[in-house]
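Trainee: Input file: my_file_32.cif. Contents: mmCIF, C-alpha atoms.
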```cif
data_target
#
loop_
_atom_site.label_atom_id
_atom_site.label_comp_id
_atom_site.auth_asym_id
_atom_site.auth_seq_id
_atom_site.Cartn_x
_atom_site.Cartn_y
_atom_site.Cartn_z
CA MET A 19 -11.21 117.55 164.47
CA GLN A 20 -12.95 114.32 163.70
CA PHE A 21 -15.50 113.01 161.31
CA GLU A 22 -17.88 110.09 161.44
CA THR A 23 -19.71 108.48 158.60
CA ARG A 24 -22.85 106.46 158.26
CA LYS A 25 -24.51 105.07 155.19
CA GLU A 26 -28.07 105.85 154.33
CA PRO A 27 -30.00 104.62 151.30
CA GLU A 28 -29.64 107.98 149.57
CA GLY A 29 -25.96 108.49 150.31
CA THR A 30 -23.27 108.75 152.96
CA VAL A 31 -23.63 111.18 155.84
CA LEU A 32 -20.46 112.67 157.27
CA GLU A 33 -20.54 114.49 160.56
CA ILE A 34 -17.62 116.89 160.83
CA ALA A 35 -16.99 118.10 164.37
CA GLY A 36 -14.50 120.53 165.82
CA ARG A 37 -12.32 122.94 163.90
CA MET A 38 -11.36 122.97 160.23
CA ASP A 39 -8.27 125.15 160.12
CA ALA A 40 -4.81 125.18 158.54
CA THR A 41 -3.55 122.53 160.96
CA THR A 42 -6.48 120.11 160.73
CA ALA A 43 -7.71 120.56 157.17
CA PRO A 44 -4.95 118.64 155.33
CA GLU A 45 -5.59 115.46 157.34
CA LEU A 46 -9.33 115.78 156.91
CA GLU A 47 -8.89 116.28 153.19
CA LYS A 48 -7.03 113.00 152.92
CA GLY A 49 -9.82 111.21 154.77
CA LEU A 50 -12.53 112.76 152.62
CA LEU A 51 -10.79 111.96 149.34
CA ALA A 52 -10.21 108.40 150.56
CA LEU A 53 -13.97 108.06 151.01
CA VAL A 54 -14.49 109.07 147.39
CA ASP A 55 -11.73 106.68 146.33
CA GLY A 56 -13.69 104.01 148.14
CA GLY A 57 -16.69 104.64 145.93
CA GLU A 58 -18.77 106.99 148.10
CA ASN A 59 -19.90 109.73 145.82
CA ARG A 60 -23.22 110.92 147.24
CA LEU A 61 -22.14 112.85 150.29
CA VAL A 62 -24.12 114.78 152.85
CA ILE A 63 -21.92 116.76 155.21
CA ASP A 64 -23.58 117.51 158.55
CA LEU A 65 -21.95 120.58 160.04
CA LYS A 66 -23.95 120.91 163.25
CA ASP A 67 -20.87 120.32 165.40
CA LEU A 68 -18.45 122.33 163.30
CA GLN A 69 -17.15 125.03 165.60
CA TYR A 70 -14.81 126.86 163.31
CA ILE A 71 -13.78 127.00 159.67
CA SER A 72 -11.16 129.13 157.92
CA SER A 73 -10.11 129.37 154.29
CA ALA A 74 -7.99 126.23 154.79
CA GLY A 75 -11.20 124.37 155.60
CA LEU A 76 -12.95 125.90 152.61
CA ARG A 77 -10.09 124.73 150.44
CA THR A 78 -10.67 121.17 151.62
CA LEU A 79 -14.39 121.36 150.87
CA LEU A 80 -13.72 122.84 147.46
CA THR A 81 -11.20 120.11 146.65
CA LEU A 82 -13.74 117.50 147.70
CA ALA A 83 -16.45 119.10 145.57
CA LYS A 84 -14.27 119.27 142.49
CA ARG A 85 -13.28 115.63 142.93
CA LEU A 86 -16.89 114.56 143.35
CA LYS A 87 -17.85 116.41 140.22
CA MET A 88 -15.26 114.41 138.31
CA GLU A 89 -16.89 111.24 139.64
CA GLN A 90 -20.36 112.51 138.69
CA GLY A 91 -21.11 112.57 142.38
CA ASN A 92 -22.95 115.08 144.52
CA LEU A 93 -22.30 117.01 147.73
CA VAL A 94 -24.90 118.67 149.94
CA PHE A 95 -24.38 120.42 153.28
CA ALA A 96 -26.70 120.41 156.28
CA ASN A 97 -26.99 122.28 159.58
CA LEU A 98 -24.68 125.15 158.80
CA ARG A 99 -24.84 127.67 161.63
CA GLY A 100 -22.98 130.29 163.60
CA PRO A 101 -19.62 131.62 162.45
CA ALA A 102 -19.21 128.73 159.97
CA ALA A 103 -22.37 129.91 158.21
CA GLU A 104 -20.94 133.41 158.12
CA VAL A 105 -17.70 132.12 156.59
CA PHE A 106 -19.71 130.32 153.90
CA ARG A 107 -21.80 133.40 153.20
CA VAL A 108 -18.87 135.82 152.96
CA SER A 109 -17.00 133.40 150.70
CA GLY A 110 -19.88 132.99 148.28
CA PHE A 111 -20.17 129.31 149.16
CA TYR A 112 -23.95 129.50 149.53
CA THR A 113 -24.26 130.18 145.83
CA LEU A 114 -21.68 127.54 145.04
CA PHE A 115 -23.14 124.76 147.15
CA THR A 116 -26.49 123.38 148.21
CA VAL A 117 -27.07 123.89 151.92
CA CYS A 118 -30.08 122.35 153.64
CA ASP A 119 -31.63 122.85 157.06
CA SER A 120 -31.53 119.21 157.99
CA VAL A 121 -29.79 115.99 157.14
CA ALA A 122 -33.11 114.56 155.97
CA ALA A 123 -33.57 117.38 153.47
CA ALA A 124 -29.96 117.05 152.37
CA LEU A 125 -30.32 113.32 151.79
CA ASP A 126 -33.37 114.03 149.71
CA ARG A 127 -31.36 116.48 147.58
CA VAL A 128 -28.18 114.48 147.24
CA GLY A 129 -29.88 111.82 145.22
CA LYS A 130 -30.96 114.37 142.64
CA PRO A 131 -27.89 116.06 141.13
CA GLU A 132 -28.73 119.19 139.18
CA MET B 23 -4.67 152.01 176.49
CA LYS B 24 -4.01 148.68 178.08
CA ASP B 25 -1.45 146.17 176.82
CA LEU B 26 -2.95 142.72 177.00
CA LEU B 27 -0.52 140.51 175.13
CA SER B 28 2.91 140.45 173.58
CA LEU B 29 4.02 137.15 172.10
CA VAL B 30 6.91 136.30 169.80
CA LEU B 31 7.31 132.87 168.23
CA PRO B 32 8.86 131.34 165.11
CA ALA B 33 6.66 131.68 162.05
CA ARG B 34 5.80 127.97 161.85
CA LEU B 35 2.38 126.39 161.48
CA GLU B 36 2.90 124.44 164.70
CA ASN B 37 2.68 127.76 166.56
CA LEU B 38 -0.60 128.83 164.97
CA TRP B 39 -2.77 127.74 167.89
CA THR B 40 -0.51 129.21 170.52
CA PHE B 41 -0.91 132.58 168.83
CA VAL B 42 -4.65 132.21 168.37
CA GLU B 43 -5.36 130.96 171.88
CA ALA B 44 -3.31 133.73 173.47
CA THR B 45 -5.13 136.33 171.39
CA ARG B 46 -8.48 134.76 172.24
CA GLU B 47 -7.71 135.04 175.96
CA ALA B 48 -6.75 138.67 175.59
CA ALA B 49 -9.89 139.41 173.56
CA VAL B 50 -12.14 137.73 176.11
CA LYS B 51 -10.43 139.65 178.89
CA ALA B 52 -11.08 142.86 177.01
CA GLY B 53 -14.76 141.97 176.80
CA LEU B 54 -15.10 141.08 173.11
CA PRO B 55 -18.32 138.98 172.74
CA ARG B 56 -17.83 135.31 171.92
CA GLN B 57 -19.09 135.29 168.34
CA ARG B 58 -16.84 138.21 167.51
CA VAL B 59 -13.89 136.51 169.15
CA LEU B 60 -14.47 133.61 166.77
CA LYS B 61 -14.43 136.00 163.82
CA LEU B 62 -11.20 137.54 165.06
CA GLU B 63 -9.71 134.04 165.31
CA VAL B 64 -10.50 133.36 161.66
CA ALA B 65 -9.06 136.72 160.61
CA LEU B 66 -5.96 136.11 162.67
CA GLU B 67 -5.44 132.60 161.31
CA GLU B 68 -5.63 133.91 157.76
CA VAL B 69 -2.97 136.54 158.43
CA LEU B 70 -0.69 134.18 160.33
CA VAL B 71 -0.90 131.34 157.81
CA ASN B 72 -0.02 133.76 155.02
CA ILE B 73 3.06 134.91 156.91
CA MET B 74 4.04 131.38 157.85
CA GLN B 75 3.76 130.22 154.26
CA TYR B 76 5.10 133.19 152.32
CA ALA B 77 6.82 135.89 154.33
CA TYR B 78 10.14 134.25 154.91
CA GLU B 79 11.66 132.66 151.83
CA GLY B 80 13.94 129.78 152.78
CA TYR B 81 14.21 130.42 156.51
CA THR B 82 11.97 130.59 159.55
CA GLY B 83 11.52 134.11 160.79
CA GLU B 84 9.47 135.31 163.71
CA ILE B 85 6.00 136.70 164.23
CA ARG B 86 5.10 139.04 167.01
CA ILE B 87 1.53 139.58 168.15
CA ALA B 88 0.63 142.51 170.38
CA CYS B 89 -2.89 143.09 171.68
CA ARG B 90 -4.20 146.10 173.47
CA SER B 91 -7.53 147.58 174.39
CA CYS B 92 -8.20 151.28 173.99
CA GLY B 93 -10.58 152.55 176.61
CA ARG B 94 -13.49 150.16 176.51
CA ARG B 95 -14.08 150.82 172.88
CA LEU B 96 -11.48 149.05 170.79
CA PHE B 97 -9.48 145.85 170.83
CA VAL B 98 -6.45 146.06 168.57
CA THR B 99 -4.33 143.10 167.46
CA GLU B 100 -1.04 143.88 165.73
CA ILE B 101 0.74 141.19 163.75
CA ILE B 102 4.37 142.00 163.02
CA ASP B 103 6.83 140.12 160.87
CA ASN B 104 10.23 140.86 159.32
CA GLY B 105 9.54 139.15 156.04
CA SER B 106 9.27 140.45 152.50
CA PRO B 107 7.10 143.53 152.14
CA PHE B 108 3.50 142.42 151.90
CA ASN B 109 0.41 144.55 152.22
CA ALA B 110 -2.51 142.20 152.83
CA THR B 111 -4.99 145.05 152.57
CA ALA B 112 -4.05 145.58 148.93
CA VAL B 113 -4.95 142.06 147.80
CA ALA B 114 -8.06 141.90 145.63
CA PRO B 115 -10.81 139.45 146.57
CA PRO B 116 -11.26 136.36 144.44
CA ASP B 117 -14.23 135.94 142.13
CA LEU B 118 -16.95 135.02 144.60
CA ALA B 119 -19.43 134.20 141.87
CA ALA B 120 -17.26 131.81 139.92
CA GLU B 121 -18.62 128.37 139.17
CA LEU B 122 -17.09 125.33 140.79
CA ASP B 123 -14.55 124.64 138.04
CA LYS B 124 -13.23 128.18 138.12
CA ARG B 125 -13.47 128.77 141.85
CA ARG B 126 -10.15 129.40 143.61
CA ILE B 127 -9.19 129.78 147.23
CA GLY B 128 -6.37 132.27 146.61
CA GLY B 129 -7.26 135.66 148.09
CA LEU B 130 -10.21 134.23 150.01
CA GLY B 131 -8.42 134.17 153.35
CA ILE B 132 -7.59 137.85 153.13
CA HIS B 133 -11.13 138.61 152.02
CA LEU B 134 -12.44 136.78 155.11
CA MET B 135 -10.02 138.69 157.31
CA LYS B 136 -11.11 142.07 155.95
CA THR B 137 -14.78 141.22 156.29
CA PHE B 138 -14.55 139.84 159.81
CA VAL B 139 -12.73 142.71 161.49
CA ASP B 140 -14.04 146.23 161.94
CA ALA B 141 -10.92 147.87 160.59
CA VAL B 142 -7.58 146.74 159.23
CA SER B 143 -4.53 148.80 158.43
CA TYR B 144 -1.06 148.05 157.14
CA ARG B 145 2.19 149.90 157.52
CA ARG B 146 5.78 149.09 156.76
CA GLU B 147 8.32 150.28 159.30
CA GLY B 148 11.92 149.64 158.31
CA GLU B 149 12.12 145.90 157.79
CA LYS B 150 8.79 145.14 159.41
CA ASN B 151 5.30 144.48 158.09
CA ILE B 152 2.74 145.62 160.66
CA LEU B 153 -0.87 144.66 160.20
CA ALA B 154 -3.35 146.01 162.76
CA LEU B 155 -6.76 144.37 163.18
CA THR B 156 -9.28 146.43 165.12
CA MET B 157 -12.45 145.09 166.71
CA SER B 158 -14.95 147.41 168.26
CA LEU B 159 -15.87 146.36 171.78
CA ALA B 160 -18.97 148.45 172.03
CA SER B 161 -20.55 147.38 168.77
CA PRO B 162 -24.34 147.09 168.82
CA GLU B 163 -24.09 144.43 166.10
CA LEU B 164 -26.43 141.52 166.57
CA ASP B 165 -24.48 138.38 167.47
CA MET B 166 -25.57 135.15 165.83
#
```
So that I can check it, write out the structure of this file as structure tokens.

Mentor:
Amino acid sequence: MQFETRKEPEGTVLEIAGRMDATTAPELEKGLLALVDGGENRLVIDLKDLQYISSAGLRTLLTLAKRLKMEQGNLVFANLRGPAAEVFRVSGFYTLFTVCDSVAAALDRVGKPE
Amino acid sequence: MKDLLSLVLPARLENLWTFVEATREAAVKAGLPRQRVLKLEVALEEVLVNIMQYAYEGYTGEIRIACRSCGRRLFVTEIIDNGSPFNATAVAPPDLAAELDKRRIGGLGIHLMKTFVDAVSYRREGEKNILALTMSLASPELDM
């Protein structure tokens, strides 16, 4: 489980790769919240290399989203596919979050909080 | 009926992947398609993490996983623990339409588990909780 970040004019893109499960999610959560602590509050999360996510991973994403809301920030997902997409769908996360087909589209959205 | 796996380990998070990888190998051997193996892994993780976190109050008990295939039709994974009585199938799903502020994760893992497997059943035998997850091997379901 690793994530990489890069800054774009519209916001910060995070690429999360590997597995988000009960053993990896806590560490990832710390890293994500540290980003927000550091002032990044327009986040695009690129999930194209996410191979697996369980409810532990969803918990991390939800914690991040709630934190961002407190900072008047915004969170948009991109490239959700495969079993991870199914996990999102079954969990009702598609109605909870904005999910775009590409990072470009997500960056466009993240600058415009609803 | 073919026994494909029997594995007993302490109910600690550090053993999660050993359980999941062993089950994955057995499922692949039985011919479960890849995308469905991934779904079984999620379901299994949800069950195991619940047991590891809640089943044994104040001590580390054990979890046993037994996998078998029935003909070429079914792949069954049984998860057995000796912890407090707990019927995962009786847990209600969380509110899936709640807004961000009210959204909770509690119950979501079990909801994922129930949705991702073809059948799940619970029984209590003496001091044991036995949860059986069944995946159909011959499903015509379209894989993503």

Trainee: Using all atoms listed in the file, which of B:Arg145, B:Arg58, B:Arg95, B:Lys24 sits nearest chain A?

Mentor: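 Among the listed residues, the smallest separation from chain A belongs to B:Arg58.
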
Trainee: Any idea what's packed within 10 Å of Glu147 (chain B), counting only C-alpha atoms, ignoring anything in its chain fewer than 2 positions away? Could you give it as a list of chain:residue names?

Mentor: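 In the requested form, the answer reads B:Ile102, B:Asn104, B:Pro107, B:Tyr144, B:Arg145, B:Glu149, B:Lys150, B:Asn151, B:Ile152.
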
Trainee: Which chain A residues are at most 7 Å from chain B (counting all atoms listed in the file), as a VMD selection string?

Mentor: chain A and resid 72 to 73 77 84 100 to 101 108 to 110 114

Trainee: Here's the selection I'm unsure about, the PyMOL selection byres ((chain A and resi 92) around 9); applied to the file above, which residues does it give, as a list in words?

Mentor: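 Checked against the file, the PyMOL selection byres ((chain A and resi 92) around 9) matches Asn59, Arg60, Leu61, Val62, Ala83, Leu86, Lys87, Glu89, Gln90, Gly91, Leu93, Val94, Val128, Gly129, Lys130, Pro131 and Glu132 of chain A.
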
Trainee: Pull out every residue that the PyMOL selection byres ((chain A and resi 35) around 9) matches in the shown coordinates and put them as a ChimeraX atom specification.

Mentor: /A:19-22,33-34,36-38,64-69

Trainee: What is the distance between CA of Ile101 (chain B) and CA of Ala74 (chain A), in Å to one decimal?

Mentor: 19.5 Å
